[in-house]
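> What follows is work.cif, mmCIF, C-alpha atoms.
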```cif
data_start
#
loop_
_atom_site.label_atom_id
_atom_site.label_comp_id
_atom_site.auth_asym_id
_atom_site.auth_seq_id
_atom_site.Cartn_x
_atom_site.Cartn_y
_atom_site.Cartn_z
CA MET K 552 162.23 57.39 20.71
CA ASN K 553 160.93 57.10 24.21
CA ALA K 554 161.86 59.23 27.17
CA PRO K 555 163.32 59.32 29.81
CA PHE K 556 166.16 58.10 27.59
CA PHE K 557 168.22 56.67 30.46
CA LYS K 558 165.30 54.60 31.73
CA PHE K 559 164.84 53.10 28.27
CA GLY K 560 168.49 52.10 28.17
CA TYR K 561 169.67 54.40 25.39
CA PHE K 562 172.91 54.85 27.33
CA GLY K 563 174.61 53.35 30.37
CA ASP K 564 175.76 54.37 33.84
CA ASP K 565 179.14 55.80 32.83
CA MET K 566 177.57 57.93 30.11
CA SER K 567 175.00 59.15 32.64
CA LEU K 568 177.84 60.74 34.62
CA VAL K 569 178.91 62.68 31.54
CA VAL K 570 175.29 63.78 31.11
CA ALA K 571 175.27 64.81 34.78
CA PHE K 572 178.33 66.99 34.27
CA VAL K 573 176.86 68.70 31.19
CA ILE K 574 173.48 69.28 32.84
CA GLY K 575 175.34 70.65 35.86
CA ILE K 576 177.16 73.16 33.64
CA GLY K 577 173.81 74.41 32.35
CA PHE K 578 172.41 74.56 35.88
CA GLY K 579 175.40 76.52 37.20
CA PHE K 580 175.45 78.83 34.19
CA PHE K 581 171.84 79.97 34.58
CA LEU K 582 172.12 80.24 38.38
CA GLU K 583 175.02 82.65 37.94
CA ARG K 584 173.25 84.55 35.12
CA ALA K 585 170.31 85.13 37.47
CA GLY K 586 172.65 86.68 40.03
CA PHE K 587 172.52 83.72 42.42
CA GLY K 588 176.27 83.78 42.94
CA SER K 589 175.66 86.74 45.24
CA GLY K 590 174.45 86.23 48.80
CA ARG K 591 173.21 89.81 48.97
CA LYS K 592 171.10 89.35 45.86
CA LEU K 593 169.68 86.05 47.15
CA THR K 594 168.80 87.30 50.62
CA ALA K 595 167.29 90.54 49.26
CA GLN K 596 164.26 88.31 48.59
CA PHE K 597 163.65 88.08 52.35
CA TYR K 598 163.64 91.87 52.78
CA PHE K 599 161.24 92.40 49.85
CA TYR K 600 163.45 94.76 47.88
CA ASP K 601 164.51 92.32 45.17
CA MET K 602 162.19 89.39 44.44
CA THR K 603 164.47 87.76 41.87
CA VAL K 604 164.67 84.47 43.77
CA PHE K 605 160.91 84.01 43.62
CA LYS K 606 160.69 85.05 39.96
CA VAL K 607 163.51 82.82 38.77
CA MET K 608 162.39 79.83 40.84
CA PHE K 609 158.80 79.93 39.72
CA THR K 610 159.65 80.61 36.07
CA ALA K 611 161.90 77.54 36.20
CA ILE K 612 159.24 75.43 37.90
CA ILE K 613 156.57 76.47 35.40
CA THR K 614 158.84 75.88 32.41
CA ALA K 615 159.80 72.38 33.47
CA MET K 616 156.29 71.52 34.68
CA VAL K 617 154.54 72.65 31.48
CA GLY K 618 157.22 71.09 29.27
CA LEU K 619 156.99 67.76 31.05
CA TYR K 620 153.19 67.84 31.00
CA TYR K 621 152.96 68.40 27.25
CA LEU K 622 155.69 65.88 26.47
CA SER K 623 153.79 63.29 28.50
CA VAL K 624 150.44 64.17 26.89
CA LEU K 625 152.08 63.71 23.49
CA GLY K 626 153.29 60.30 24.65
CA PHE K 627 156.96 61.20 24.37
CA VAL K 628 157.82 61.00 28.07
CA ASP K 629 156.55 58.27 30.38
CA LEU K 630 155.80 60.33 33.48
CA SER K 631 155.69 57.23 35.70
CA LEU K 632 159.40 56.70 35.00
CA VAL K 633 160.41 60.16 36.23
CA TYR K 634 161.59 59.75 39.81
CA GLN K 635 159.08 61.08 42.31
CA MET K 636 160.42 61.44 45.84
CA PRO K 637 158.27 59.95 48.61
CA THR K 638 156.77 62.42 51.08
CA TYR K 639 157.60 62.40 54.80
CA ILE K 640 155.53 65.39 55.70
CA ILE K 641 156.59 66.42 59.24
CA PRO K 642 160.35 65.92 58.72
CA GLN K 643 160.00 67.96 55.52
CA VAL K 644 158.18 70.76 57.36
CA ILE K 645 160.84 70.91 60.08
CA GLY K 646 163.69 70.45 57.58
CA GLY K 647 162.26 73.21 55.39
CA LEU K 648 162.01 75.64 58.32
CA ILE K 649 165.61 74.91 59.42
CA LEU K 650 166.77 75.27 55.82
CA GLY K 651 164.97 78.59 55.45
CA VAL K 652 166.63 79.96 58.58
CA GLY K 653 169.98 78.65 57.34
CA PHE K 654 169.38 80.34 53.99
CA VAL K 655 169.03 83.87 55.37
CA VAL K 656 171.74 83.35 58.02
CA GLY K 657 174.25 81.73 55.65
CA GLY K 658 173.32 83.67 52.52
CA TYR K 659 173.03 80.75 50.10
CA CYS K 660 171.46 77.39 49.48
CA PRO K 661 173.73 74.45 48.56
CA GLY K 662 173.50 74.85 44.76
CA THR K 663 173.92 78.61 44.72
CA SER K 664 176.88 78.41 47.12
CA CYS K 665 178.77 76.37 44.49
CA VAL K 666 178.23 79.13 41.95
CA ALA K 667 179.25 81.73 44.54
CA LEU K 668 182.44 79.79 45.22
CA SER K 669 183.34 79.63 41.52
CA THR K 670 182.90 83.38 41.23
CA GLY K 671 185.25 84.03 44.14
CA LYS K 672 183.02 84.49 47.20
CA VAL K 673 185.06 83.62 50.28
CA ASP K 674 181.96 83.41 52.47
CA ALA K 675 180.62 80.67 50.16
CA VAL K 676 183.70 78.55 50.91
CA VAL K 677 183.05 78.89 54.65
CA TYR K 678 179.35 78.22 54.05
CA LEU K 679 180.16 74.98 52.20
CA LEU K 680 182.39 73.91 55.11
CA GLY K 681 179.35 74.55 57.31
CA ILE K 682 177.20 72.31 55.09
CA ILE K 683 179.79 69.55 55.32
CA GLY K 684 179.85 69.97 59.11
CA GLY K 685 176.05 69.90 59.28
CA ILE K 686 175.78 66.73 57.21
CA PHE K 687 178.51 65.11 59.33
CA VAL K 688 176.63 65.91 62.55
CA PHE K 689 173.38 64.66 61.00
CA GLY K 690 174.98 61.38 59.91
CA GLU K 691 176.69 60.81 63.27
CA SER K 692 173.51 61.46 65.25
CA PHE K 693 171.26 59.57 62.86
CA SER K 694 170.39 56.85 65.39
CA LEU K 695 168.82 59.54 67.61
CA ILE K 696 166.64 61.07 64.90
CA LYS K 697 165.97 57.95 62.84
CA ASP K 698 162.43 57.42 64.13
CA PHE K 699 161.51 61.01 63.40
CA TYR K 700 163.26 60.90 60.00
CA TYR K 701 161.02 58.03 58.86
CA SER K 702 157.83 59.33 60.51
CA THR K 703 154.65 60.49 58.72
CA ALA K 704 155.53 58.58 55.54
CA LEU K 705 152.91 59.24 52.88
CA GLY K 706 154.62 57.55 49.95
CA GLN K 707 154.85 59.10 46.51
CA LEU K 708 152.18 61.75 46.61
CA THR K 709 151.30 64.45 44.08
CA LEU K 710 149.01 67.47 44.20
CA PRO K 711 146.60 66.04 41.57
CA GLN K 712 146.24 62.92 43.74
CA ILE K 713 145.36 64.66 47.01
CA MET K 714 143.17 67.32 45.39
CA HIS K 715 141.37 64.80 43.16
CA LEU K 716 141.78 67.10 40.18
CA PRO K 717 143.18 66.36 36.71
CA TYR K 718 146.95 66.84 36.28
CA GLY K 719 146.43 69.44 33.54
CA LEU K 720 144.14 71.52 35.74
CA ILE K 721 146.71 71.63 38.54
CA VAL K 722 149.34 72.69 35.98
CA PHE K 723 147.02 75.51 34.92
CA LEU K 724 146.34 76.55 38.53
CA VAL K 725 150.07 76.64 39.34
CA ILE K 726 150.65 78.88 36.32
CA LEU K 727 147.84 81.21 37.44
CA MET K 728 149.25 81.33 40.95
CA ALA K 729 152.77 82.06 39.70
CA VAL K 730 151.66 84.81 37.33
CA GLY K 731 149.72 86.39 40.19
CA GLY K 732 152.83 86.00 42.34
CA PHE K 733 155.02 87.71 39.71
CA ALA K 734 152.66 90.69 39.57
CA GLY K 735 152.57 90.83 43.36
CA ALA K 736 156.36 90.57 43.62
CA THR K 737 156.89 93.45 41.18
CA TRP K 738 154.30 95.54 43.05
CA VAL K 739 156.10 94.89 46.37
CA GLU K 740 159.48 95.81 44.84
CA LYS K 741 158.07 99.11 43.58
CA ARG K 742 156.49 99.89 46.94
CA ILE K 743 159.72 99.22 48.81
CA ALA K 744 161.65 101.34 46.28
CA ALA K 745 159.11 104.16 46.69
CA LYS K 746 159.62 104.08 50.45
CA GLY K 747 163.27 104.88 49.75
CA VAL K 748 164.77 101.80 51.31
CA LYS K 749 168.27 101.59 49.92
CA SER K 750 169.14 98.43 48.10
CA MET Q 1297 200.62 123.99 38.36
CA MET Q 1298 198.85 121.06 39.87
CA SER Q 1299 199.61 119.94 43.36
CA VAL Q 1300 200.96 116.46 44.02
CA GLU Q 1301 197.63 115.41 45.50
CA GLN Q 1302 195.76 116.52 42.40
CA THR Q 1303 198.00 114.63 40.00
CA THR Q 1304 197.79 111.51 42.16
CA ALA Q 1305 194.03 111.84 42.22
CA ILE Q 1306 193.94 112.17 38.45
CA ASP Q 1307 196.32 109.24 38.10
CA SER Q 1308 194.13 107.07 40.27
CA ILE Q 1309 191.08 108.01 38.19
CA HIS Q 1310 193.00 106.94 35.08
CA VAL Q 1311 193.90 103.67 36.73
CA GLN Q 1312 190.29 103.11 37.73
CA GLU Q 1313 189.14 103.79 34.20
CA LYS Q 1314 191.76 101.44 32.85
CA GLN Q 1315 190.56 98.69 35.18
CA LYS Q 1316 186.99 99.37 34.17
CA SER Q 1317 187.80 98.99 30.51
CA ILE Q 1318 189.55 95.69 31.23
CA ARG Q 1319 186.68 94.22 33.19
CA VAL Q 1320 183.25 95.40 32.21
CA VAL Q 1321 180.84 93.89 34.70
CA GLN Q 1322 177.64 93.00 32.90
CA PRO Q 1323 174.26 93.22 34.59
CA TYR Q 1324 172.43 90.04 35.59
CA TRP Q 1325 169.91 88.60 33.19
CA ASN Q 1326 166.23 89.36 33.40
CA PRO Q 1327 164.90 86.95 36.07
CA TYR Q 1328 162.29 85.44 33.74
CA LEU Q 1329 164.91 84.73 31.08
CA ALA Q 1330 167.29 83.14 33.60
CA GLY Q 1331 164.35 81.17 35.03
CA LEU Q 1332 163.41 79.94 31.56
CA GLY Q 1333 166.98 78.72 31.02
CA LEU Q 1334 167.00 77.01 34.41
CA GLY Q 1335 163.62 75.41 33.69
CA LEU Q 1336 164.83 74.05 30.34
CA VAL Q 1337 167.88 72.51 32.03
CA LEU Q 1338 165.57 70.88 34.58
CA LEU Q 1339 163.28 69.67 31.77
CA ALA Q 1340 166.28 68.24 29.92
CA SER Q 1341 167.24 66.35 33.07
CA PHE Q 1342 163.72 64.89 33.33
CA VAL Q 1343 163.66 63.88 29.67
CA ILE Q 1344 167.20 62.52 29.40
CA MET Q 1345 167.66 61.00 32.87
CA GLY Q 1346 164.19 60.61 34.37
CA ARG Q 1347 165.28 62.56 37.42
CA GLY Q 1348 165.64 66.18 38.45
CA LEU Q 1349 168.48 68.32 39.73
CA GLY Q 1350 170.13 68.31 43.13
CA ALA Q 1351 172.97 69.71 45.17
CA SER Q 1352 173.07 68.66 48.83
CA GLY Q 1353 173.26 64.95 47.96
CA ALA Q 1354 176.69 65.49 46.39
CA PHE Q 1355 178.01 66.81 49.70
CA THR Q 1356 176.56 63.81 51.53
CA ALA Q 1357 178.58 61.62 49.18
CA LEU Q 1358 181.65 63.71 49.98
CA VAL Q 1359 181.13 63.52 53.76
CA THR Q 1360 180.46 59.77 53.55
CA THR Q 1361 183.70 59.27 51.63
CA GLY Q 1362 185.59 61.29 54.23
CA VAL Q 1363 184.13 59.45 57.21
CA ASN Q 1364 184.72 56.11 55.49
CA ALA Q 1365 188.38 56.97 54.83
CA VAL Q 1366 189.06 58.07 58.42
CA ALA Q 1367 186.85 55.64 60.33
CA PRO Q 1368 185.33 52.88 58.18
CA GLU Q 1369 183.66 51.14 61.13
CA ASN Q 1370 182.01 54.37 62.16
CA ALA Q 1371 180.68 54.92 58.64
CA LYS Q 1372 179.20 51.44 58.47
CA SER Q 1373 177.59 51.76 61.88
CA SER Q 1374 175.62 54.85 60.90
CA GLU Q 1375 172.63 53.75 58.88
CA PHE Q 1376 172.69 57.12 57.12
CA PHE Q 1377 176.27 56.85 55.85
CA ALA Q 1378 175.88 53.12 55.18
CA GLU Q 1379 173.15 53.84 52.67
CA TYR Q 1380 175.48 56.07 50.69
CA LEU Q 1381 178.31 53.53 50.91
CA GLY Q 1382 176.14 50.86 49.34
CA ASP Q 1383 177.84 47.47 49.04
CA GLY Q 1384 181.22 49.19 48.98
CA SER Q 1385 182.00 48.04 45.44
CA GLN Q 1386 182.47 51.60 44.26
CA SER Q 1387 183.20 55.00 45.76
CA PRO Q 1388 180.19 57.06 46.87
CA LEU Q 1389 181.76 59.81 44.78
CA LYS Q 1390 180.97 57.92 41.59
CA ASP Q 1391 177.51 59.36 41.82
CA TRP Q 1392 175.21 61.27 39.45
CA LEU Q 1393 174.80 64.25 41.79
CA VAL Q 1394 178.55 64.53 42.42
CA PHE Q 1395 179.21 64.90 38.68
CA GLU Q 1396 176.27 67.27 38.30
CA VAL Q 1397 177.59 69.51 41.08
CA LEU Q 1398 181.07 69.50 39.53
CA GLY Q 1399 179.32 70.82 36.43
CA VAL Q 1400 177.59 73.51 38.51
CA PHE Q 1401 180.99 74.80 39.67
CA VAL Q 1402 182.19 74.91 36.06
CA GLY Q 1403 178.99 76.43 34.63
CA GLY Q 1404 178.95 79.13 37.30
CA PHE Q 1405 182.56 79.96 36.55
CA ILE Q 1406 181.94 80.16 32.78
CA SER Q 1407 178.99 82.50 33.26
CA GLY Q 1408 180.88 84.56 35.83
CA ILE Q 1409 184.01 84.99 33.73
CA LEU Q 1410 182.01 85.90 30.61
CA ALA Q 1411 180.19 88.58 32.58
CA GLY Q 1412 183.32 89.86 34.36
CA ARG Q 1413 181.94 88.83 37.74
CA VAL Q 1414 184.72 86.56 39.04
CA ARG Q 1415 186.37 88.41 41.90
CA LYS Q 1416 187.63 87.40 45.33
CA THR Q 1417 185.28 89.03 47.80
CA VAL Q 1418 183.11 88.49 50.87
CA GLU Q 1419 179.38 89.03 50.31
CA LYS Q 1420 178.01 91.18 53.12
CA GLY Q 1421 176.26 94.41 53.97
CA PRO Q 1422 178.16 97.46 55.24
CA ASN Q 1423 177.22 96.93 58.89
CA ILE Q 1424 179.01 93.69 59.66
CA SER Q 1425 182.69 92.73 59.88
CA VAL Q 1426 184.20 90.13 57.58
CA ARG Q 1427 184.75 87.88 60.59
CA GLY Q 1428 181.14 88.24 61.67
CA ARG Q 1429 179.90 87.45 58.19
CA LEU Q 1430 182.08 84.34 57.92
CA PHE Q 1431 180.82 83.17 61.31
CA PHE Q 1432 177.22 83.48 60.12
CA ALA Q 1433 178.09 81.77 56.83
CA PHE Q 1434 179.40 78.76 58.74
CA ILE Q 1435 176.42 78.58 61.11
CA GLY Q 1436 173.96 79.00 58.22
CA GLY Q 1437 175.75 76.33 56.23
CA GLY Q 1438 175.56 73.94 59.17
CA MET Q 1439 171.81 74.49 59.54
CA MET Q 1440 171.39 74.08 55.80
CA GLY Q 1441 173.26 70.77 55.89
CA MET Q 1442 171.09 69.37 58.67
CA GLY Q 1443 167.82 70.79 57.31
CA ALA Q 1444 168.46 69.47 53.82
CA LYS Q 1445 169.18 65.97 55.11
CA LEU Q 1446 166.06 65.97 57.28
CA ALA Q 1447 163.92 67.18 54.36
CA ARG Q 1448 165.65 64.78 51.92
CA GLY Q 1449 166.79 67.54 49.62
CA CYS Q 1450 167.42 71.26 49.31
CA THR Q 1451 166.19 74.06 47.12
CA SER Q 1452 167.29 72.16 43.98
CA GLY Q 1453 166.24 68.60 44.76
CA GLN Q 1454 163.02 69.43 46.58
CA ALA Q 1455 161.77 72.92 45.69
CA LEU Q 1456 162.73 73.06 41.99
CA THR Q 1457 162.54 69.40 41.03
CA GLY Q 1458 159.66 68.32 43.26
CA GLY Q 1459 157.90 71.62 42.58
CA ALA Q 1460 157.84 70.93 38.84
CA LEU Q 1461 156.69 67.34 39.51
CA LEU Q 1462 153.82 68.62 41.70
CA ASN Q 1463 155.19 66.61 44.62
CA VAL Q 1464 153.19 67.29 47.81
CA GLY Q 1465 156.16 67.05 50.18
CA SER Q 1466 158.21 69.37 47.97
CA TRP Q 1467 155.51 72.06 47.86
CA VAL Q 1468 155.04 71.94 51.62
CA PHE Q 1469 158.83 72.05 52.01
CA MET Q 1470 159.06 75.10 49.72
CA MET Q 1471 156.46 77.04 51.74
CA CYS Q 1472 158.37 76.18 54.93
CA VAL Q 1473 161.69 77.38 53.47
CA PHE Q 1474 160.18 80.78 52.65
CA ALA Q 1475 158.41 80.87 56.05
CA GLY Q 1476 161.63 80.07 57.93
CA ALA Q 1477 163.69 82.59 55.99
CA TYR Q 1478 161.15 85.42 56.32
CA ALA Q 1479 160.72 84.71 60.04
CA MET Q 1480 164.49 84.86 60.61
CA ALA Q 1481 165.29 87.75 58.23
CA TYR Q 1482 164.65 90.54 60.73
CA PHE Q 1483 167.15 89.13 63.24
CA VAL Q 1484 170.06 89.00 60.79
CA ARG Q 1485 169.23 92.19 58.87
CA ARG Q 1486 172.48 93.86 59.94
CA GLN Q 1487 174.35 91.20 58.02
CA TRP Q 1488 172.84 92.24 54.69
CA ARG Q 1489 171.56 95.83 54.93
#
```
The structure given in the file should be rewritten as structure tokens.

Amino acid sequence: MNAPFFKFGYFGDDMSLVVAFVIGIGFGFFLERAGFGSGRKLTAQFYFYDMTVFKVMFTAIITAMVGLYYLSVLGFVDLSLVYQMPTYIIPQVIGGLILGVGFVVGGYCPGTSCVALSTGKVDAVVYLLGIIGGIFVFGESFSLIKDFYYSTALGQLTLPQIMHLPYGLIVFLVILMAVGGFAGATWVEKRIAAKGVKS
Amino acid sequence: MMSVEQTTAIDSIHVQEKQKSIRVVQPYWNPYLAGLGLGLVLLASFVIMGRGLGASGAFTALVTTGVNAVAPENAKSSEFFAEYLGDGSQSPLKDWLVFEVLGVFVGGFISGILAGRVRKTVEKGPNISVRGRLFFAFIGGGMMGMGAKLARGCTSGQALTGGALLNVGSWVFMMCVFAGAYAMAYFVRRQWR
């Protein structure tokens, strides 16, 4: 067998929607298990007293990154068939900053707000209405921002490419960085707790 | 003899205990365990579909469908909506991300109900009114919607997916999300603390 299965035609478009639904269930399940159905838990990250967001995110990134790397080294997954989004660097910088502000103001990101809604958070419903409003405004004013939206296009670009280092080495460096980050995050949590900041 | 107040107080304790025994709220999982689960779901998506996870794209499909139903000419005239409409042969809602996000709602509910965490509430700190919190939720959601479209993805599609694929734009995006949130956190601290 060759992977990605869908790209090799093991199943069709309609079946892919069933797969989407099942994968989504797994995604939502683990988001809620992590505590990401709670806006207070999520935003605690930005006040340094609960670094769960960082820990969960980077554990997930490492898991998928290492898994994909080994499966491609073994020749099971064709990495070139896994969709890599093209980079538009300046719009992504500005979009990321706006999104970060929206995260701490609104309390969620789009995926976590779905989980919050299913566990009964009324603010998540309002937040989702906000998202819908934001996308509507973006779509309606697209002609004004179109030039900026398509600016600084760099194509499909990966860290191994720009750093001129082997893929495996970058994987290793990301792991090192994350493990250092985990230790740092736990240290910060303890420090904040020692200072007696209530959580 | 107990006073009326005392018996009522004792009664209410009994009621509270009864409610507790009905719904035992479990603690959240260890973050590394939850992260491992999330990472395996993402890996499964790469292996089975050749693509990662997402969230905001599903809402774009929803908005596009709405605009198209109310004002089809308007939808076609916006290049952004037109892309989601495609050739019009099928609904934008028949989309991979839409079905994935439906699953997210269901998966979150399953986890929540199993852990006794499904409860109608407003997430906020003690220093803000419900109204104030809902106002901020709407504003934050609006910014999130615009930011995610500008960046071509949100925390799921860019940070998680692109992060695991070592995508340059996604890593820069991720740093900017944290930078933006940390820079803003102080100004909205009364909402959460």
> Which of these residues is nearest to Ile612 in chain K, using all atoms listed in the file: Q:Gly1476, Q:Gly1458, Q:Gly1449, Q:Gly1346?
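Distance minimum relative to Ile612 in chain K lands on Q:Gly1458.
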> Do you know which residues the PyMOL selection byres ((chain Q and resi 1355) around 9) returns on this file, as a PDB file with C-alpha atoms, keeping the file's coordinate frame?

```
ATOM      1  CA  PRO K 661     173.730  74.450  48.560  1.00  0.00           C
ATOM      2  CA  LEU K 679     180.160  74.980  52.200  1.00  0.00           C
ATOM      3  CA  ILE K 682     177.200  72.310  55.090  1.00  0.00           C
ATOM      4  CA  ILE K 683     179.790  69.550  55.320  1.00  0.00           C
ATOM      5  CA  ILE K 686     175.780  66.730  57.210  1.00  0.00           C
TER       6      ILE K 686
ATOM      7  CA  ALA Q1351     172.970  69.710  45.170  1.00  0.00           C
ATOM      8  CA  SER Q1352     173.070  68.660  48.830  1.00  0.00           C
ATOM      9  CA  GLY Q1353     173.260  64.950  47.960  1.00  0.00           C
ATOM     10  CA  ALA Q1354     176.690  65.490  46.390  1.00  0.00           C
ATOM     11  CA  THR Q1356     176.560  63.810  51.530  1.00  0.00           C
ATOM     12  CA  ALA Q1357     178.580  61.620  49.180  1.00  0.00           C
ATOM     13  CA  LEU Q1358     181.650  63.710  49.980  1.00  0.00           C
ATOM     14  CA  VAL Q1359     181.130  63.520  53.760  1.00  0.00           C
ATOM     15  CA  THR Q1360     180.460  59.770  53.550  1.00  0.00           C
ATOM     16  CA  LEU Q1393     174.800  64.250  41.790  1.00  0.00           C
ATOM     17  CA  VAL Q1394     178.550  64.530  42.420  1.00  0.00           C
ATOM     18  CA  GLY Q1441     173.260  70.770  55.890  1.00  0.00           C
TER      19      GLY Q1441
END
```
> Applied to the shown file, which residues does the PyMOL selection byres ((chain K and resi 650) around 9) return, written as an MDAnalysis selection string?
(chainID K and resid 645:649 651:655 660) or (chainID Q and resid 1436 1439:1444 1447 1450:1451 1472:1473 1476:1477)
> Restrict the selected residues to C-alpha atoms and save them as a CSV table (one decimal), keeping the file's coordinate frame.

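Generated output (part-v3.csv):
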```csv
chain,number,residue,atom,x,y,z
K,645,ILE,CA,160.8,70.9,60.1
K,646,GLY,CA,163.7,70.4,57.6
K,647,GLY,CA,162.3,73.2,55.4
K,648,LEU,CA,162.0,75.6,58.3
K,649,ILE,CA,165.6,74.9,59.4
K,651,GLY,CA,165.0,78.6,55.4
K,652,VAL,CA,166.6,80.0,58.6
K,653,GLY,CA,170.0,78.6,57.3
K,654,PHE,CA,169.4,80.3,54.0
K,655,VAL,CA,169.0,83.9,55.4
K,660,CYS,CA,171.5,77.4,49.5
Q,1436,GLY,CA,174.0,79.0,58.2
Q,1439,MET,CA,171.8,74.5,59.5
Q,1440,MET,CA,171.4,74.1,55.8
Q,1441,GLY,CA,173.3,70.8,55.9
Q,1442,MET,CA,171.1,69.4,58.7
Q,1443,GLY,CA,167.8,70.8,57.3
Q,1444,ALA,CA,168.5,69.5,53.8
Q,1447,ALA,CA,163.9,67.2,54.4
Q,1450,CYS,CA,167.4,71.3,49.3
Q,1451,THR,CA,166.2,74.1,47.1
Q,1472,CYS,CA,158.4,76.2,54.9
Q,1473,VAL,CA,161.7,77.4,53.5
Q,1476,GLY,CA,161.6,80.1,57.9
Q,1477,ALA,CA,163.7,82.6,56.0
```
> Skipping near chain neighbours, those fewer than 5 positions away, what residues fall within 8 Å of Glu740 in chain K using only C-alpha atoms, listed as a list of chain:residue names?
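The residues that qualify are K:Phe599, K:Tyr600, K:Asp601, K:Met602.
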> Since I can't run it myself right now, could you work out what the PyMOL selection byres ((chain Q and resi 1328-1334) around 6) selects here and report it as an MDAnalysis selection string?
(chainID K and resid 581 585 607 610:611) or (chainID Q and resid 1326:1327 1335:1337)
> Between CA of Phe1432 in chain Q and CA of Val1484 in chain Q, what is the distance, to one decimal in Å?
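Atom-to-atom, CA of Phe1432 in chain Q and CA of Val1484 in chain Q are spaced 9.1 Å apart.
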> CA of Ser669 in chain K and CA of Val656 in chain K, how far apart in Å?
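Going from CA of Val656 in chain K over to CA of Ser669 in chain K, I get 20.5 Å.
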> Could you pull the residues within 10 Å of range 1410-1427 of chain Q, counting only C-alpha atoms, minus those fewer than 3 positions along the same chain, as a VMD selection string?
(chain K and resid 583 to 584 586 588 to 592 658 667 to 676) or (chain Q and resid 1318 to 1324 1404 to 1407 1430 to 1433 1485 to 1489)
> Can you tell me, as a list in words, what residues are no more than 8 Å from range 1338-1341 of chain Q when counting all atoms listed in the file, ignoring any on the same chain fewer than 5 positions away?
Ile574, Phe578, Ala611, Thr614, Ala615, Met616, Gly618 and Leu619 of chain K; Gly1346, Arg1347, Gly1348, Leu1349 and Thr1457 of chain Q
> Any chance you could export the current selection's C-alpha atoms as a compact mmCIF listing (two decimals), in the coordinates of the input?

```txt
# COMPACT_ATOMS: atom_id res chain seq x y z
CA ILE K 574 173.48 69.28 32.84
CA PHE K 578 172.41 74.56 35.88
CA ALA K 611 161.90 77.54 36.20
CA THR K 614 158.84 75.88 32.41
CA ALA K 615 159.80 72.38 33.47
CA MET K 616 156.29 71.52 34.68
CA GLY K 618 157.22 71.09 29.27
CA LEU K 619 156.99 67.76 31.05
CA GLY Q 1346 164.19 60.61 34.37
CA ARG Q 1347 165.28 62.56 37.42
CA GLY Q 1348 165.64 66.18 38.45
CA LEU Q 1349 168.48 68.32 39.73
CA THR Q 1457 162.54 69.40 41.03
```
> Using all atoms listed in the file, can you list as JSON, numbers by chain the residues within 7 Å of (152.1, 60.4, 57.8)?
{"K": [639, 640, 702, 703, 704, 705]}
> Can you tell me how far CA of Met1470 in chain Q sits from CA of Lys741 in chain K, in Å to one decimal?
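Straight-line distance from CA of Met1470 in chain Q to CA of Lys741 in chain K works out to 24.8 Å.
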> Identify, on the basis of all atoms listed in the file, every residue whose closest approach to Lys558 in chain K does not exceed 10 Å; exclude the query and any residue fewer than 5 positions from it along the same chain; express the result as an NGL selection string.
(:K and (553 or 563 or 629 or 632-633)) or (:Q and (1343-1347))
